[in-house]
Amino acid sequence: MQDYSDAPWVDPSFGWKPRPVTELPERVLIDFATKCNLRCPMCPVWGSDDDAAIDAVKGVLDVAGARRILDEMMAAKPLVQPSMYGEPLLIPELRGRILDLKSRGMTVAFNTNGLTLDWEVAQFLVEAEVDSVFFSMEGVTRDTLKKIRGVDKIETIEAAVFRLLAARGEKELPRIGVTMTKQDGNLHEEQAFIDRWAGIVDCVRTSLVFENGTYPDMVVPEQRLPCPTLYTTMPVHNDGTVTICCLDGFKSTGVGNVLKDGVKAVWQGEEFAKVRYYHETEQWDKVPFCEGCNGWAQHEFTEEIRDGLFIRRSPQFVYYNRIDRMSNWKGRLLGGHPVPPSADQLSIAATASE
Ligand code: SF4
Ligand code: SF4
């Protein structure tokens, strides 16, 4: 790890002892294509009214450049999410790119709006052993989907979920889930959404919406801590720019470029180190993008076993995991979660609590 403790921007009065940073990131979000068939109001890019700003960031990461990045990071075998501000199934040359990731031993997980997931795509995702596919459903009715995502094709998305389940059959992968980002327009359907899907898919996830630089509905501990994402996750935009956070769709927090400088040089670079230093020394005002954000509190989980489900809750997320479908949630796919108990242990605990 690079040592910046004597750098000119360090104020010695803080007695800064840098937290360890891994050689390479364990989780990488790569926006292979900033391209989407929707314009969800909550999207960090496509939700903007500023078309010129969107035009400035949309684009596609070229295959050769992407391979260079992957070659460098493969030693860490990271979890890779091949999209941030795009619908992953619209990525040009998607199949080759997924195979590029899998052939380098990486764990591949993504969220999709499901609108273009036909039988051929479903079969490919199963054959390629993509590790996780979560469908952004947002509710159980056309009206709610229309409000949240601007499209009312809930039957199309539901059919895509069942298509992927059918293509997977008895196989282990992908882990299949559905998600809901809770907001005024769909809160009334939260329980119906959980009831609809908890016995069908492997995992139902609900989360809070990010608005105006923070999660307005999140209840956080009093003591603010450095944001854990700065130590685990590298967000890479389609031109190779790395920002400190995936919530920064318009690249206001660039800390380097992996196409020009390489992955390790950016991850361990001075600009990223400065941000971590400001967090560790509680100088939040020095990182305006983070100053008013409470996302640092999203990673502490409590656990509950109920109704055949292993439920993990943090201030931001709730994961309802089917106990009989836990075996495909492991390794890098845990994304920093503590390793869950085995399905056998969970079944025993569930029986004991009845
Ligand atoms: S589907 Fe995803 S990438 Fe597309 S606009 Fe909605 S949130 Fe953004
Ligand atoms: S504090 Fe918020 S904006 Fe900053 S890195 Fe964490 S989640 Fe992102």
# chains A, B, ... in the order shown; residues from 1 in each chain; ligands from 1
$ residues_near_ligand --ligand "ligand 1" --cutoff "9 Å" --atoms "only C-alpha atoms and all ligand atoms" --output "number ranges by chain"
A: 34-47, 83-88, 111-114, 136, 148-150
$ residues_near_ligand --ligand "ligand 2" --cutoff "10 Å" --atoms "only C-alpha atoms and all ligand atoms" --output "PyMOL selection string"
chain A and resi 210+213-215+224-231+233+243-248+253+275-276+279+284+287-298
$ select_by_dssp --residues "stretch 61-95 of chain A" --states "helix (DSSP H, G or I)" --output "list in words"
Val63, Ala64, Gly65, Ala66, Arg67, Arg68, Ile69, Leu70, Asp71, Glu72, Met73, Met74, Ala75, Ala76, Pro88, Leu89, Leu90, Leu94 and Arg95 of chain A
$ residues_around --residues "A:Leu259" --least-positions-apart "6" --cutoff "9 Å" --atoms "only C-alpha atoms" --output "list of chain:residue names"
A:Gly65, A:Ala66, A:Arg68, A:Ile69, A:Asp239, A:Gly240, A:Thr241
$ closest_residue --among "A:Gly199, A:Gly269, A:Pro82, A:Gly139" --to "A:Val21" --atoms "only C-alpha atoms"
A:Gly269
$ closest_residue --among "A:Ala265, A:Ala198, A:Ile176, A:Leu115" --to "A:Arg306" --atoms "only C-alpha atoms"
A:Ala198
$ select_by_dssp --residues "stretch 115-344 of chain A" --states "strand (DSSP E or B)" --output "ChimeraX atom specification"
/A:132-136,175-182,203-208,211,214,233-236,241-243,254-257,302-306,309-313,317-322
$ residues_around --residues "A:Pro8" --least-positions-apart "4" --cutoff "12 Å" --atoms "only C-alpha atoms" --output "list in words"
Tyr4, Pro12, Glu270 and Lys274 of chain A
$ closest_residue --among "A:Met106, A:Met137, A:Ile157, A:Ala53" --to "A:Met74" --atoms "only C-alpha atoms"
A:Met106
$ residues_around --residues "A:Arg313" --least-positions-apart "2" --cutoff "10 Å" --atoms "only C-alpha atoms" --output "list in words"
Arg205, Thr206, Ser207, Gln298, His299, Glu300, Phe301, Thr302, Glu303, Glu304, Ile311, Pro315, Gln316, Phe317, Val318, Tyr319 and Tyr320 of chain A
$ residues_around --residues "stretch 186-192 of chain A" --least-positions-apart "3" --cutoff "10 Å" --atoms "only C-alpha atoms" --output "list of chain:residue names"
A:Glu138, A:Gly139, A:Val140, A:Thr141, A:Asp143, A:Thr144, A:Leu145, A:Lys147, A:Ile148, A:Met180, A:Thr181, A:Lys182, A:Gln183, A:Asp195, A:Arg196, A:Trp197, A:Thr206
$ closest_residue --among "A:Glu222, A:Val10, A:Ala122, A:Ala109" --to "A:Arg168" --atoms "only C-alpha atoms"
A:Ala122
$ residues_around --residues "A:Thr351" --least-positions-apart "6" --cutoff "12 Å" --atoms "only C-alpha atoms" --output "ChimeraX atom specification"
/A:305-308,344-345
$ write_last_selection --atoms "N, CA and C atoms" --output "PDB file, in the first residue's frame"
ATOM      1  N   ILE A 305     -34.411 -14.927  11.111  1.00  0.00           N
ATOM      2  CA  ILE A 305     -34.864 -16.099  10.342  1.00  0.00           C
ATOM      3  C   ILE A 305     -36.371 -16.187  10.526  1.00  0.00           C
ATOM      4  N   ARG A 306     -37.100 -16.200   9.415  1.00  0.00           N
ATOM      5  CA  ARG A 306     -38.571 -16.209   9.518  1.00  0.00           C
ATOM      6  C   ARG A 306     -39.190 -16.727   8.219  1.00  0.00           C
ATOM      7  N   ASP A 307     -40.203 -17.578   8.363  1.00  0.00           N
ATOM      8  CA  ASP A 307     -41.000 -18.037   7.209  1.00  0.00           C
ATOM      9  C   ASP A 307     -40.140 -18.579   6.066  1.00  0.00           C
ATOM     10  N   GLY A 308     -39.111 -19.355   6.406  1.00  0.00           N
ATOM     11  CA  GLY A 308     -38.264 -19.928   5.361  1.00  0.00           C
ATOM     12  C   GLY A 308     -37.296 -18.927   4.749  1.00  0.00           C
ATOM     13  N   ASP A 344     -28.439 -25.716   6.142  1.00  0.00           N
ATOM     14  CA  ASP A 344     -28.740 -26.685   7.219  1.00  0.00           C
ATOM     15  C   ASP A 344     -28.804 -25.974   8.575  1.00  0.00           C
ATOM     16  N   GLN A 345     -27.804 -25.132   8.833  1.00  0.00           N
ATOM     17  CA  GLN A 345     -27.795 -24.399  10.118  1.00  0.00           C
ATOM     18  C   GLN A 345     -29.036 -23.515  10.234  1.00  0.00           C
TER      19      GLN A 345
END
$ atom_distance --atom1 "atom CA of A:Leu165" --atom2 "atom CA of A:Thr107"
19.5 Å
